[in-house]
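Peer 1: Following this line is my_file.txt, made up of compact mmCIF, C-alpha atoms:
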```
# COMPACT_ATOMS: atom_id res chain seq x y z
CA MET A 30 98.60 107.14 88.17
CA LYS A 31 98.52 104.28 90.62
CA ILE A 32 97.78 104.27 94.33
CA LEU A 33 100.91 103.98 96.45
CA THR A 34 101.11 100.55 98.08
CA ARG A 35 101.83 99.69 101.69
CA SER A 36 105.44 98.84 100.80
CA PHE A 37 106.00 102.52 99.86
CA TYR A 38 105.17 103.58 103.43
CA HIS A 39 106.87 100.63 105.10
CA LYS A 40 110.28 102.34 104.76
CA ASP A 41 112.43 104.87 106.56
CA THR A 42 110.26 107.89 107.39
CA LEU A 43 112.70 110.42 105.91
CA GLU A 44 112.72 108.47 102.64
CA VAL A 45 108.91 108.44 102.58
CA ALA A 46 108.73 112.18 103.39
CA ARG A 47 110.99 112.97 100.40
CA GLY A 48 109.28 110.38 98.21
CA LEU A 49 105.82 111.88 98.73
CA LEU A 50 106.87 115.16 97.11
CA GLY A 51 105.25 115.37 93.68
CA SER A 52 102.78 112.61 94.55
CA VAL A 53 99.06 113.33 94.37
CA LEU A 54 96.80 113.35 97.43
CA VAL A 55 93.28 112.44 96.33
CA ARG A 56 90.17 113.18 98.37
CA ARG A 57 86.74 111.93 97.37
CA VAL A 58 83.62 113.28 99.06
CA GLY A 59 80.42 111.94 97.50
CA ARG A 60 80.67 112.49 93.74
CA LYS A 61 83.39 115.14 94.04
CA THR A 62 87.07 114.18 93.72
CA VAL A 63 89.89 116.65 94.35
CA ARG A 64 93.49 115.96 93.34
CA ALA A 65 96.25 117.84 95.16
CA ARG A 66 99.97 117.65 94.41
CA ILE A 67 102.06 117.28 97.58
CA VAL A 68 104.75 120.00 97.78
CA GLU A 69 105.78 120.02 101.46
CA THR A 70 106.13 117.32 104.13
CA GLU A 71 107.63 116.81 107.59
CA ALA A 72 108.94 113.62 109.18
CA TYR A 73 108.29 112.55 112.78
CA VAL A 74 110.25 109.49 113.87
CA GLY A 75 109.68 107.45 117.01
CA GLU A 76 109.46 108.07 120.72
CA ASP A 77 112.96 109.59 120.85
CA ASP A 78 111.92 112.43 118.51
CA LEU A 79 110.74 115.06 121.01
CA ALA A 80 108.62 116.71 118.29
CA CYS A 81 106.71 113.48 117.64
CA HIS A 82 103.41 112.98 119.47
CA ALA A 83 104.66 109.52 120.44
CA SER A 84 107.50 111.04 122.50
CA LYS A 85 105.09 110.91 125.44
CA GLY A 86 104.40 107.23 124.83
CA ARG A 87 101.48 105.25 123.53
CA THR A 88 98.15 106.98 124.13
CA LYS A 89 94.65 106.83 122.70
CA ARG A 90 95.58 109.80 120.46
CA THR A 91 98.79 108.21 119.13
CA GLU A 92 97.57 104.61 118.83
CA VAL A 93 97.27 104.90 115.02
CA MET A 94 100.97 105.85 114.81
CA TYR A 95 101.88 102.50 116.37
CA GLY A 96 99.85 100.65 113.76
CA GLU A 97 100.43 99.49 110.23
CA ALA A 98 102.15 101.77 107.72
CA GLY A 99 99.90 103.42 105.13
CA HIS A 100 97.17 104.63 107.50
CA ALA A 101 96.10 108.22 108.06
CA TYR A 102 96.87 109.79 111.43
CA VAL A 103 94.57 112.80 111.69
CA TYR A 104 94.57 115.00 114.76
CA MET A 105 93.38 118.45 115.76
CA ILE A 106 95.60 121.37 116.79
CA TYR A 107 94.60 124.57 118.56
CA GLY A 108 91.12 123.13 118.90
CA MET A 109 90.25 124.10 115.34
CA TYR A 110 92.65 122.75 112.67
CA HIS A 111 93.09 119.17 111.53
CA CYS A 112 96.44 117.80 110.35
CA LEU A 113 96.96 114.81 108.05
CA ASN A 114 99.86 112.44 108.57
CA ILE A 115 100.60 109.09 106.97
CA VAL A 116 101.98 106.35 109.23
CA THR A 117 105.34 104.91 108.13
CA GLU A 118 107.87 102.21 108.98
CA ALA A 119 107.08 99.13 111.10
CA LYS A 120 104.14 98.28 113.33
CA ASP A 121 104.80 99.32 116.94
CA PHE A 122 107.38 101.91 115.85
CA PRO A 123 105.48 105.23 115.92
CA SER A 124 106.44 107.37 112.95
CA ALA A 125 104.58 109.39 110.37
CA VAL A 126 104.85 112.04 107.67
CA LEU A 127 102.85 115.25 108.03
CA ILE A 128 101.46 116.59 104.76
CA ARG A 129 102.25 120.33 105.14
CA ALA A 130 101.25 121.81 101.78
CA VAL A 131 99.65 120.89 98.46
CA GLU A 132 98.96 122.56 95.14
CA ILE A 133 95.62 122.25 93.39
CA ASP A 134 95.03 123.50 89.86
CA GLY A 135 92.90 126.62 89.89
CA VAL A 136 93.17 127.14 93.67
CA PRO A 137 95.28 129.95 95.16
CA ARG A 138 98.29 128.50 96.99
CA LYS A 139 97.44 130.50 100.13
CA GLU A 140 94.41 128.23 100.60
CA THR A 141 96.46 125.02 100.81
CA ASP A 142 99.90 126.12 102.05
CA GLY A 143 99.60 124.79 105.59
CA PRO A 144 98.47 121.51 107.15
CA GLY A 145 95.32 123.02 108.67
CA LYS A 146 94.42 124.90 105.49
CA LEU A 147 94.78 121.87 103.22
CA CYS A 148 92.70 119.72 105.57
CA ARG A 149 89.97 122.37 105.68
CA PHE A 150 89.99 122.71 101.88
CA LEU A 151 89.95 118.93 101.33
CA ASP A 152 87.40 118.22 104.08
CA ILE A 153 89.82 116.03 106.04
CA ASP A 154 88.93 115.58 109.69
CA ARG A 155 89.19 113.02 112.50
CA SER A 156 86.61 110.81 110.81
CA LEU A 157 89.51 109.76 108.54
CA ASN A 158 91.85 108.93 111.44
CA GLY A 159 93.05 105.37 110.83
CA TRP A 160 91.89 105.35 107.18
CA ASP A 161 93.95 102.95 105.04
CA VAL A 162 95.24 105.22 102.24
CA THR A 163 96.45 102.19 100.26
CA ARG A 164 92.89 101.11 99.50
CA GLY A 165 91.40 104.19 97.86
CA GLY A 166 87.81 105.14 98.53
CA LYS A 167 87.69 108.43 100.45
CA LEU A 168 91.41 109.28 100.67
CA TRP A 169 94.54 107.98 98.96
CA ILE A 170 97.87 109.02 97.46
CA GLU A 171 98.91 108.30 93.88
CA SER A 172 102.46 108.02 92.64
CA GLY A 173 104.19 111.11 91.32
CA LYS A 174 107.54 112.80 91.41
CA PRO A 175 109.17 116.17 91.03
CA SER A 176 109.55 117.44 87.48
CA ASP A 177 113.02 117.77 85.99
CA ASP A 178 113.14 121.49 86.80
CA GLU A 179 112.17 121.11 90.48
CA ILE A 180 114.44 120.51 93.45
CA VAL A 181 113.84 119.11 96.93
CA SER A 182 115.16 121.19 99.79
CA ALA A 183 115.43 120.19 103.45
CA ALA A 184 114.89 122.56 106.38
CA LYS A 185 113.99 122.57 110.07
CA ARG A 186 110.46 121.57 110.99
CA VAL A 187 107.95 124.29 111.82
CA GLY A 188 106.22 125.09 115.13
CA ILE A 189 108.14 122.73 117.41
CA ASP A 190 110.13 125.08 119.63
CA TYR A 191 109.29 122.84 122.61
CA ALA A 192 111.22 119.88 121.10
CA GLY A 193 114.71 120.59 122.49
CA HIS A 194 117.54 119.47 120.23
CA CYS A 195 115.02 117.74 117.92
CA ARG A 196 113.78 121.12 116.67
CA GLU A 197 117.08 121.42 114.76
CA TYR A 198 116.54 118.31 112.64
CA PRO A 199 116.22 119.17 108.91
CA TRP A 200 113.20 116.91 108.49
CA ARG A 201 110.93 119.28 106.56
CA PHE A 202 111.05 118.71 102.80
CA VAL A 203 109.87 121.24 100.24
CA LEU A 204 109.45 120.89 96.49
CA GLU A 205 110.70 124.10 94.88
CA GLY A 206 110.67 125.47 91.35
CA LYS A 207 113.39 125.80 88.77
CA LYS A 208 116.81 124.28 89.32
```
Translate the structure described by the file into structure tokens.

Peer 2:
Amino acid sequence: MKILTRSFYHKDTLEVARGLLGSVLVRRVGRKTVRARIVETEAYVGEDDLACHASKGRTKRTEVMYGEAGHAYVYMIYGMYHCLNIVTEAKDFPSAVLIRAVEIDGVPRKETDGPGKLCRFLDIDRSLNGWDVTRGGKLWIESGKPSDDEIVSAAKRVGIDYAGHCREYPWRFVLEGKK
């Protein structure tokens, strides 16, 4: 498989969120490499999206979101869990896709079925904030797609009750089994 290029991420965020399903998130730590198939994502689009961190404007925390597409935006929630996002669209337009769940051969799904769990399992933390995932090295995403017997479903995003009308957007995408 080949590493997804910057042009893949430099598109509409919803398109990228759907397109990442079936792709492979690769994490290398020292001599160990773990490959994880992406099965759930969420889109966050611009300052007008009240669920997006950038809805409060440009800050030190969100600066990466305003940067070039194809970079990791890693932040901490609840003071203990990291979340991995990939920046999308154009520079100075803050948008990103949250990687919500992955599947890893031989690993129980319950260990990687949430953004905090997958980051813990894959040793992803703030040291990777700003990492260019188009260059490989420590973290990257390789091309992939759903199999013929899988479908992509859309649903409301999770854990954003504070986001007013934006909490209703069906911007969570899940790769599900058999058609």

Peer 1: For a quick check of understanding, using only C-alpha atoms, which of A:Arg201, A:Lys61, A:Arg186, A:Arg149 has the smallest distance to Ala80 of chain A?

Peer 2: A:Arg186

Peer 1: Considering only C-alpha atoms, state which residue in the set A:Ile106, A:Ala101, A:Leu204, A:Leu168 is at the smallest distance from Arg66 of chain A.

Peer 2: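 So, comparing all the options, the nearest one is A:Leu204.
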
Peer 1: Calculated over all atoms listed in the file, which of the candidates A:Gly59, A:Gly51, A:Gly188, A:Gly99 has the smallest distance to Val162 of chain A?

Peer 2: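 Looking at the shortest contact to Val162 of chain A, the residue is A:Gly99.
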
Peer 1: When you look at Ser36 of chain A with a cut-off of 10 Å (counting all atoms listed in the file), what residues show up, excluding the ones that are within fewer than 2 positions of it in the same chain? I need them as a list in words.

Peer 2: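 Residues meeting the cut-off are Leu33, Thr34, Tyr38, His39, Lys40, Ala98, Gly99, Thr117, Glu118 and Thr163 of chain A.
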
Peer 1: Taking all atoms listed in the file into account, name the residue in A:Glu132, A:Glu140, A:Glu97, A:Glu92 that is nearest to Leu50 of chain A.

Peer 2: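 Ranked by minimum distance to Leu50 of chain A, first place goes to A:Glu132.
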